[in-house]
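With PDB, C-alpha atoms inside, this is upload.pdb:
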ATOM      1  CA  MET Q  29      23.759 -27.109 -22.828
ATOM      2  CA  ASN Q  30      21.328 -29.852 -23.694
ATOM      3  CA  LYS Q  31      17.544 -29.573 -23.637
ATOM      4  CA  ASN Q  32      17.124 -31.421 -20.321
ATOM      5  CA  SER Q  33      19.632 -29.162 -18.566
ATOM      6  CA  PHE Q  34      17.832 -26.106 -19.878
ATOM      7  CA  TYR Q  35      14.474 -27.283 -18.496
ATOM      8  CA  LEU Q  36      16.046 -28.230 -15.165
ATOM      9  CA  ILE Q  37      17.580 -24.765 -14.808
ATOM     10  CA  LEU Q  38      14.313 -23.140 -15.880
ATOM     11  CA  ALA Q  39      12.324 -25.158 -13.303
ATOM     12  CA  LEU Q  40      14.826 -24.211 -10.601
ATOM     13  CA  MET Q  41      14.562 -20.502 -11.473
ATOM     14  CA  VAL Q  42      10.756 -20.629 -11.425
ATOM     15  CA  SER Q  43      10.805 -22.395  -8.046
ATOM     16  CA  ILE Q  44      13.099 -19.756  -6.564
ATOM     17  CA  GLY Q  45      10.908 -17.011  -8.011
ATOM     18  CA  LEU Q  46       7.761 -18.506  -6.532
ATOM     19  CA  MET Q  47       9.336 -18.726  -3.103
ATOM     20  CA  SER Q  48       9.943 -14.976  -3.141
ATOM     21  CA  CYS Q  49       6.266 -14.364  -4.009
ATOM     22  CA  GLU Q  50       4.904 -15.897  -0.840
ATOM     23  CA  LYS Q  51       1.746 -14.340   0.516
ATOM     24  CA  HIS Q  52       1.971 -12.537   3.807
ATOM     25  CA  ASP Q  53      -0.602 -12.568   6.540
ATOM     26  CA  PRO Q  54      -1.964  -8.991   6.515
ATOM     27  CA  ASN Q  55      -1.887  -9.029  10.318
ATOM     28  CA  GLU Q  56       1.893  -9.448  10.220
ATOM     29  CA  LEU Q  57       2.646  -6.573   7.858
ATOM     30  CA  ASP Q  58       4.411  -3.506   9.198
ATOM     31  CA  ALA Q  59       3.149   0.056   8.754
ATOM     32  CA  LYS Q  60       5.305   0.851   5.727
ATOM     33  CA  THR Q  61       4.273  -2.315   3.920
ATOM     34  CA  LEU Q  62       0.603  -1.670   4.658
ATOM     35  CA  TYR Q  63       0.979   1.878   3.306
ATOM     36  CA  GLU Q  64       2.736   0.563   0.196
ATOM     37  CA  ASN Q  65       0.001  -2.037  -0.391
ATOM     38  CA  TYR Q  66      -3.044   0.135   0.249
ATOM     39  CA  CYS Q  67      -2.060   3.763  -0.308
ATOM     40  CA  ALA Q  68       1.051   4.159  -2.440
ATOM     41  CA  GLY Q  69      -0.635   2.979  -5.633
ATOM     42  CA  CYS Q  70      -2.617   6.217  -5.696
ATOM     43  CA  HIS Q  71      -0.797   8.588  -3.356
ATOM     44  CA  GLY Q  72       2.768   7.530  -4.204
ATOM     45  CA  ASP Q  73       5.467   6.017  -1.999
ATOM     46  CA  ASP Q  74       6.250   9.427  -0.543
ATOM     47  CA  GLY Q  75       2.608  10.517  -0.283
ATOM     48  CA  SER Q  76       3.025  13.302  -2.838
ATOM     49  CA  GLY Q  77      -0.068  12.255  -4.802
ATOM     50  CA  ARG Q  78      -0.536  11.832  -8.511
ATOM     51  CA  PHE Q  79      -1.103  15.207 -10.100
ATOM     52  CA  LEU Q  80      -1.978  13.889 -13.561
ATOM     53  CA  ARG Q  81      -4.498  11.432 -12.084
ATOM     54  CA  SER Q  82      -5.977  14.094  -9.771
ATOM     55  CA  VAL Q  83      -5.020  12.233  -6.608
ATOM     56  CA  PRO Q  84      -4.102  14.640  -3.823
ATOM     57  CA  ALA Q  85      -1.008  14.370  -1.698
ATOM     58  CA  ASN Q  86      -1.845  12.683   1.570
ATOM     59  CA  VAL Q  87       1.310  13.876   3.338
ATOM     60  CA  LYS Q  88       0.024  17.433   3.272
ATOM     61  CA  THR Q  89      -3.084  16.542   5.207
ATOM     62  CA  GLU Q  90      -4.239  18.684   8.079
ATOM     63  CA  LYS Q  91      -6.497  15.894   9.341
ATOM     64  CA  SER Q  92      -6.090  14.556  12.847
ATOM     65  CA  PHE Q  93      -5.029  10.985  13.562
ATOM     66  CA  SER Q  94      -8.641   9.936  14.214
ATOM     67  CA  GLU Q  95      -9.850  11.632  11.013
ATOM     68  CA  ILE Q  96      -7.199   9.797   9.004
ATOM     69  CA  VAL Q  97      -8.186   6.484  10.621
ATOM     70  CA  HIS Q  98     -11.832   7.145   9.778
ATOM     71  CA  GLN Q  99     -11.026   8.030   6.156
ATOM     72  CA  ILE Q 100      -8.851   4.959   5.594
ATOM     73  CA  LYS Q 101     -11.498   2.657   7.050
ATOM     74  CA  ASN Q 102     -14.553   4.292   5.447
ATOM     75  CA  GLY Q 103     -13.266   6.181   2.436
ATOM     76  CA  SER Q 104     -13.957   9.788   1.663
ATOM     77  CA  SER Q 105     -17.268  11.395   0.877
ATOM     78  CA  GLU Q 106     -15.320  14.319  -0.589
ATOM     79  CA  LYS Q 107     -14.747  14.253  -4.312
ATOM     80  CA  HIS Q 108     -11.449  15.481  -5.649
ATOM     81  CA  LYS Q 109     -11.857  16.223  -9.338
ATOM     82  CA  GLY Q 110     -14.671  13.693  -9.587
ATOM     83  CA  GLN Q 111     -12.953  10.889  -7.667
ATOM     84  CA  LYS Q 112     -13.559   9.617  -4.160
ATOM     85  CA  MET Q 113     -11.134   7.650  -2.035
ATOM     86  CA  PRO Q 114     -12.395   4.115  -1.378
ATOM     87  CA  GLY Q 115     -12.581   2.733   2.135
ATOM     88  CA  PHE Q 116     -10.598  -0.288   3.250
ATOM     89  CA  SER Q 117     -13.052  -1.963   5.602
ATOM     90  CA  GLU Q 118     -11.173  -5.260   5.272
ATOM     91  CA  LEU Q 119      -8.317  -3.842   7.341
ATOM     92  CA  SER Q 120      -8.337  -4.318  11.087
ATOM     93  CA  ASP Q 121      -8.438  -1.307  13.385
ATOM     94  CA  GLN Q 122      -4.803  -1.984  14.288
ATOM     95  CA  GLN Q 123      -3.745  -2.032  10.621
ATOM     96  CA  VAL Q 124      -5.562   1.232   9.911
ATOM     97  CA  LYS Q 125      -3.884   2.854  12.920
ATOM     98  CA  LEU Q 126      -0.490   1.636  11.686
ATOM     99  CA  ILE Q 127      -1.109   3.222   8.282
ATOM    100  CA  ALA Q 128      -2.293   6.489   9.850
ATOM    101  CA  SER Q 129       0.785   6.617  12.095
ATOM    102  CA  TYR Q 130       3.073   5.926   9.135
ATOM    103  CA  LEU Q 131       1.379   8.655   7.091
ATOM    104  CA  LEU Q 132       1.859  11.184   9.871
ATOM    105  CA  LYS Q 133       5.479  10.061  10.248
ATOM    106  CA  ILE Q 134       6.319  10.626   6.573
ATOM    107  CA  SER Q 135       4.394  13.907   6.668
ATOM    108  CA  ARG Q 136       6.849  15.258   9.229
ATOM    109  CA  GLN Q 137       9.940  14.331   7.209
TER     110      GLN Q 137
END
Kindly transcribe the structure held in the file into structure tokens.
Amino acid sequence: MNKNSFYLILALMVSIGLMSCEKHDPNELDAKTLYENYCAGCHGDDGSGRFLRSVPANVKTEKSFSEIVHQIKNGSSEKHKGQKMPGFSELSDQQVKLIASYLLKISRQ
């Protein structure tokens, strides 16, 4: 393979990679994707929490739907081992409700 062919193949691979990294409109994301983007980093994909980082499991919550919505939007005033959950005020009410519904759904599984 000559040098020009190598660079052509490399450019093609980068182009394909960039196409798969397209940004999504947050208003078009489904509940699972919203949960993965805003919650899973701390609480885990399955909601089991991060014991070593002192993040509680959110699937074991006894909070009501409206309490979960409020906490996602505004954060938590409760400290868990010195940490507080941040609020996600940039999310629309509909997005927050989707996340809360998804959390309750995985809690029942």
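Distances to Lys88 (chain Q) were evaluated for Q:Asn65, Q:Ile100, Q:Ala59, Q:Gly75 using all atoms listed in the file, and the minimum falls at Q:Gly75.
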Discussion item. Between CA of Leu62 (chain Q) and CA of Leu126 (chain Q), what distance in Å does the model show, to one decimal?
Written reply: 7.8 Å
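We find CA of Ser117 (chain Q) and CA of Gln137 (chain Q) to be spaced 28.2 Å apart.
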Discussion item. Quick check, in Å to one decimal: how far apart do CA of Met113 (chain Q) and CA of Gly77 (chain Q) lie?
Written reply: 12.3 Å
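Closest to Gly72 (chain Q) among Q:Asp121, Q:Leu131, Q:Arg136, Q:Phe116 is Q:Leu131, based on all atoms listed in the file.
Of the residues under consideration (Q:Ile127, Q:Gly69, Q:Glu95, Q:Val87), Q:Ile127 shows the shortest atom-to-atom contact distance to Leu57 (chain Q) when counting only C-alpha atoms.
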Worksheet item: Q:Ser105, Q:Ser135, Q:Asn30, Q:Ser129: which is nearest Phe93 (chain Q), counting all atoms listed in the file?
Response: Q:Ser129
Fill in: Nearest to Gly115 (chain Q) by atom-to-atom distance, counting only C-alpha atoms, from Q:Tyr66, Q:Arg78, Q:Thr61, Q:Thr89
Q:Tyr66
Once you add 8 Å to each side, what are the centre and edge lengths of the axis-aligned box holding all listed atoms of region 94-109 of chain Q? One decimal in Å, as lines of an AutoDock Vina configuration file, if you can.
center_x = -12.2
center_y = 9.4
center_z = 2.4
size_x = 26.1
size_y = 29.6
size_z = 39.6
